Each structure stands twice: as structure tokens, then as C-alpha cells.
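In what follows, a single structure is set out as C-alpha cells and then discussed.
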Amino acid sequence: MAGAGRVAGVVPQGAGQPVVVRALSLLGQFTEQRRALNLSELSRLAGLAPATTLRLARHLTEWGALEKLEDGRYVVGVRLWEIASLSPRGHGVRQIALPYLEDLYEVTRHHVLLAVREGSDAVLIDRLSSRTATEVAYRVGGRLPLRTTAVGQVLLAHAGPELQAEVFAQPGDAEPGSGSLPAKELRAALAGVKHSGAAVVRRTHPSRTVSVAAPIHGADGDVVAALSIVVPDAATPAHELVPLVRAAARAISRNLGHQAKASGAWRHPPSTPSAVSGTP
């Protein structure tokens with residue numbers, strides 16, 4: 001899938017970079033924790049000279065990629081959201097999946113998530129949530145770890161061996177309640193995900209939840225996204241949620257042009273008039 005093997009926001013430093021690379025390096029410094037930055041912060045974080053940072057920030061502001069606040073700090077501009085919304089892996093899947101997300105939301109009344117893979121992370125492209133839903137850590141447009149989230153494990157289970165090896169080699173999340181598994185256990189869990197068609201992840205941080213996710217296939221059969229519901233761990237048994245999520249994911253896949261294998265279910269032949277009336 002596009003983006004595999006790259007880390008978001010990481011741009012080579014040093015003189016002689018193309019202007020577009022330096023401009024992107026400025027944009028890459030904004031994160032969920034750093035939503036507003038002044039020129040000195042941008043210069044330091046991007047490793048660019050103050051004069052270069054000022055010049056690029058002015059051009060990006062004129063184009064709409066950045067907006068300047070009254071206190072002199074910069075924030076990401078709406079123009080970037082307009083451009084990002086054209087991504088077929090984001091908006092296209094989301095548009096087709098939205099009615100099914102709404103159906104799952106009506107059943108669960110907690111969180112319904114839709115994510116795609118970008119490099120070694122999952123990116124949340126949509127989320128429907130009740131005002132009273134249990135707390136979760138991720139926002140639309142935010143990145144989710146592959147190894148400790150249900151959508152992430154679904155996407156990782158269907159990723160190539162190189163990315164899997166990269167993730168297995170990473171140190172597990174030491175944060176209590178993160179749901180992180182040692183490499184050997186994670187490998188076994190991913191095999192189970194491919195076999196069952198669903199991932200189940202329990203977390204105790206930031207709240208006690210259970211997440212159930214299933215893969216969404218594109219027309220060529222590749223997994224293009226993952227669908228998940230997140231509910232309080234004690235609310236509903238996970239085995240009752242798995243069929244709901246898998247059915248919704250299959251329906252979205254069909255609408256994306258995926259032709260699933262025959263289920264093997266025996267189909268009853270249509271009744272003939274004589275069979276209905278009981279005449280021989």
C-alpha cells in the first residue's frame with residue numbers, strides 16, 4: 001500500500017534541500033500536541049534558519065496551508081484539509097462506508113472507527129461517537145499504533161512481511177493498559193486475525209474498553225481499510241460484536257467492488273406452486 005516504510009513528518013535535514021521539502025518540513029512539525037507554533041519554534045523543530053522559516057511561512061500562509069493567529073503563532077490552514085479530502089484512500093472509502101458506520105453506531109451507541117494504513121501507522125479517517133461514549137485516545141486524522149489497536153492489528157495482519165518484521169522488531173508500548181503484546185504473542189494474534197476475520201483488543205487506558213475490528217477489501221481483494229467498534233469492556237461480550245463488525249465490513253467491501261468467495265452455505269431452491277399447495 002502507498003506510504004509503506006515511511007515515517008510521517010520525517011524529512012532529511014541540511015542545506016541544499018529543495019524548497020518544497022523545506023516547506024513540507026515546516027508543516028510536518030504540527031502535531032496533536034503542537035497545534036500552534038511560533039516562528040522560533042518552527043525554525044528550531046524543522047532545523048531551518050529563521051530567515052528561511054519566515055519566508056516559507058509567509059508563502060504557506062498566502063497559499064492557505066498555514067494560518068497566522070493574532071498572537072503571531074501559526075496553525076494548519078483549512079486549505080490543507082480541502083486537499084487531503086480528495087485522497088481516494090480517505091474520502092472515497094469513507095463516503096461508501098458512512099451508511100454502514102451509521103448503522104453500527106445505532107446498534108452500539110459508543111464509538112465506530114474507520115482507519116487506513118499509512119506507513120507503519122493506522123490513520124483514523126472517520127469516527128462516529130455518542131456524547132456519553134467511553135473515552136478513547138484517537139481523533140479523526142490522528143495516527144494509531146498498529147500493534148495495540150484492533151484496526152491496527154487488522155491492517156498489520158494483511159500487510160507485507162517486511163512491515164510486519166519492522167513492527168515485530170519495535171519495542172512494545174510500556175504504558176500500562178495499552179494492550180501491547182510481545183512479538184511472539186503478536187505474531188500469533190495476527191495469524192488469528194487472518195483466520196477469524198476479526199481482531200479483538202482490550203485496553204484499560206485511557207478507559208477500560210474492548211475494540212473489535214474487521215478488514216475492508218477493495219475490488220482487487222487487497223485490504224484497504226479496517227472498521228472497528230469500541231465499547232466499554234463490560235458492556236457487550238466481544239463474541240457478540242464480531243459478527244456485527246464483520247457483516248458491515250463485508251457489505252462495504254462489496255460496495256467497493258470486492259467479490260468475496262462463496263460462503264458455502266446451502267441455498268434452498270425456490271418453492272414451486274405445487275410444493276406450496278401440496279399437490280403432487
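Within each chain, counting starts at residue 1; across the C-alpha cells, chains are named A, B, ... in the order shown, with ligands numbered 1 upward in that order.
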Any chance you could list, as a ChimeraX atom specification, the residues in stretch 25-228 of chain A that come up alpha helix (DSSP H) when DSSP is run on the backbone?
/A:25-27,39-46,50-63,78-84,93-108,150-157,161-169,183-196
Could those selected residues go to a file with C-alpha atoms, as a compact mmCIF listing (two decimals), in the first residue's frame?
```
# COMPACT_ATOMS: atom_id res chain seq x y z
CA SER A 25 9.25 20.02 6.89
CA LEU A 26 7.55 23.06 8.44
CA LEU A 27 4.11 21.52 8.03
CA LEU A 39 8.46 31.17 14.10
CA SER A 40 11.29 30.36 16.51
CA GLU A 41 9.67 27.03 17.39
CA LEU A 42 9.15 26.17 13.73
CA SER A 43 12.73 27.12 12.93
CA ARG A 44 14.16 25.02 15.75
CA LEU A 45 11.96 21.96 15.18
CA ALA A 46 12.47 21.92 11.40
CA PRO A 50 14.98 31.81 10.97
CA ALA A 51 15.02 33.84 7.74
CA THR A 52 14.17 30.75 5.68
CA THR A 53 11.41 29.80 8.11
CA LEU A 54 9.88 33.28 7.90
CA ARG A 55 9.95 33.29 4.09
CA LEU A 56 8.40 29.82 3.80
CA ALA A 57 5.77 30.56 6.46
CA ARG A 58 4.68 33.66 4.53
CA HIS A 59 4.31 31.69 1.29
CA LEU A 60 2.43 28.87 3.03
CA THR A 61 0.11 31.40 4.69
CA GLU A 62 -0.61 33.15 1.37
CA TRP A 63 -1.50 29.77 -0.19
CA VAL A 78 -8.12 24.84 6.09
CA ARG A 79 -6.72 24.61 2.54
CA LEU A 80 -4.75 21.51 3.57
CA TRP A 81 -7.96 19.84 4.73
CA GLU A 82 -9.56 20.60 1.37
CA ILE A 83 -6.68 18.94 -0.46
CA ALA A 84 -6.50 15.96 1.91
CA VAL A 93 -13.64 4.73 1.28
CA ARG A 94 -15.27 6.97 3.87
CA GLN A 95 -18.07 8.04 1.54
CA ILE A 96 -19.03 4.44 0.75
CA ALA A 97 -18.58 3.24 4.34
CA LEU A 98 -20.50 6.04 6.07
CA PRO A 99 -24.01 4.48 5.91
CA TYR A 100 -22.66 1.28 7.45
CA LEU A 101 -20.81 3.21 10.14
CA GLU A 102 -24.10 4.91 10.98
CA ASP A 103 -25.86 1.53 11.22
CA LEU A 104 -23.21 0.19 13.61
CA TYR A 105 -23.43 3.36 15.65
CA GLU A 106 -27.19 2.94 16.04
CA VAL A 107 -26.60 -0.57 17.39
CA THR A 108 -23.74 0.22 19.78
CA ALA A 150 -7.89 -3.52 16.74
CA VAL A 151 -7.90 -1.60 13.44
CA GLY A 152 -4.12 -1.61 13.54
CA GLN A 153 -3.88 -5.37 14.03
CA VAL A 154 -6.28 -5.97 11.14
CA LEU A 155 -4.19 -3.75 8.84
CA LEU A 156 -0.93 -5.27 10.08
CA ALA A 157 -2.22 -8.83 9.66
CA PRO A 161 6.24 -9.43 5.64
CA GLU A 162 8.73 -6.54 5.62
CA LEU A 163 6.41 -4.20 7.52
CA GLN A 164 5.42 -6.98 9.92
CA ALA A 165 9.08 -7.69 10.66
CA GLU A 166 9.65 -3.97 11.24
CA VAL A 167 6.78 -3.79 13.73
CA PHE A 168 7.81 -7.01 15.49
CA ALA A 169 11.28 -5.54 15.98
CA ALA A 183 6.48 -10.02 19.34
CA LYS A 184 5.82 -13.75 19.64
CA GLU A 185 2.31 -13.25 21.02
CA LEU A 186 1.59 -10.51 18.48
CA ARG A 187 2.60 -12.83 15.65
CA ALA A 188 0.18 -15.47 16.92
CA ALA A 189 -2.56 -12.85 17.36
CA LEU A 190 -2.17 -11.68 13.76
CA ALA A 191 -2.45 -15.25 12.50
CA GLY A 192 -5.71 -15.50 14.45
CA VAL A 193 -6.93 -12.25 12.91
CA LYS A 194 -6.40 -13.56 9.38
CA HIS A 195 -8.08 -16.86 10.23
CA SER A 196 -11.13 -15.42 12.00
```
Name all residues at most 8 Å from stretch 214-220 of chain A (count only C-alpha atoms; drop same-chain ones fewer than 3 positions away) and give them as a VMD selection string.
chain A and resid 151 154 to 155 197 to 199 223 to 228 245 to 246 249 to 250 252 to 253 256 to 259
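Running DSSP on the backbone gives strand (DSSP E or B) for these residues within stretch 143-203 of chain A: Arg143, Leu144, Pro145, Ala199, Val200, Val201, Arg202 and Arg203 of chain A.
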Keeping only N, CA and C atoms, write those residues as an mmCIF file, in the first residue's frame.
```cif
data_model
loop_
_atom_site.group_PDB
_atom_site.id
_atom_site.type_symbol
_atom_site.label_atom_id
_atom_site.label_comp_id
_atom_site.auth_asym_id
_atom_site.auth_seq_id
_atom_site.Cartn_x
_atom_site.Cartn_y
_atom_site.Cartn_z
ATOM 1 N N ARG A 143 -3.086 9.430 14.208
ATOM 2 C CA ARG A 143 -2.434 8.159 13.935
ATOM 3 C C ARG A 143 -2.615 7.198 15.095
ATOM 4 N N LEU A 144 -2.803 5.921 14.757
ATOM 5 C CA LEU A 144 -2.994 4.872 15.735
ATOM 6 C C LEU A 144 -1.893 3.834 15.557
ATOM 7 N N PRO A 145 -1.361 3.284 16.644
ATOM 8 C CA PRO A 145 -0.340 2.236 16.505
ATOM 9 C C PRO A 145 -0.936 0.961 15.933
ATOM 10 N N ALA A 199 -10.276 -8.771 14.691
ATOM 11 C CA ALA A 199 -9.317 -8.555 15.778
ATOM 12 C C ALA A 199 -10.073 -8.059 16.998
ATOM 13 N N VAL A 200 -9.674 -8.530 18.162
ATOM 14 C CA VAL A 200 -10.271 -8.102 19.428
ATOM 15 C C VAL A 200 -9.144 -7.625 20.330
ATOM 16 N N VAL A 201 -9.215 -6.377 20.783
ATOM 17 C CA VAL A 201 -8.174 -5.805 21.640
ATOM 18 C C VAL A 201 -8.828 -5.188 22.864
ATOM 19 N N ARG A 202 -8.308 -5.545 24.021
ATOM 20 C CA ARG A 202 -8.784 -4.957 25.276
ATOM 21 C C ARG A 202 -7.739 -4.002 25.825
ATOM 22 N N ARG A 203 -8.215 -2.844 26.289
ATOM 23 C CA ARG A 203 -7.331 -1.835 26.869
ATOM 24 C C ARG A 203 -7.929 -1.353 28.183
#
```
Gap from atom CA of A:Pro206 to atom CA of A:Ala122 - Å, one decimal:
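Computing it gives 18.5 Å between the two atoms.
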Just want the 8 Å neighbourhood of A:Gly77, counted on only C-alpha atoms, with same-chain residues fewer than 6 positions away dropped. Output as a ChimeraX atom specification.
/A:61,64-67
Export of the given selection (C-alpha atoms) as a PDB file, in the first residue's frame:
```pdb
ATOM      1  CA  THR A  61       0.111  31.399   4.689  1.00  0.00           C
ATOM      2  CA  GLY A  64      -3.673  28.758   2.773  1.00  0.00           C
ATOM      3  CA  ALA A  65      -1.598  25.873   4.129  1.00  0.00           C
ATOM      4  CA  LEU A  66      -0.951  27.886   7.291  1.00  0.00           C
ATOM      5  CA  GLU A  67      -2.956  30.493   9.151  1.00  0.00           C
TER       6      GLU A  67
END
```
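Residue nearest A:Leu48, chosen from A:Val19, A:Gly221, A:Arg127, A:Ala36 and counting only C-alpha atoms: A:Val19.
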Using only C-alpha atoms, which residue out of A:Leu128, A:Val123, A:Leu113, A:Ala133 lies closest to A:Ala213?
A:Leu113
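Candidate residues A:Lys261, A:Tyr74, A:Pro243, A:Thr148 were compared for distance to A:Asn38, and the nearest is A:Tyr74, using only C-alpha atoms.
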Using only C-alpha atoms, which residue out of A:Tyr138, A:Asp222, A:Ala238, A:Val112 lies closest to A:Leu124?
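Of the candidates, the smallest distance to A:Leu124 is held by A:Tyr138.
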Between atom CA of A:Leu37 and atom CA of A:Arg117, what distance in Å does the model show, to one decimal?
27.6 Å
Here atom CA of A:Ser129 and atom CA of A:Leu114 stand apart by 11.9 Å
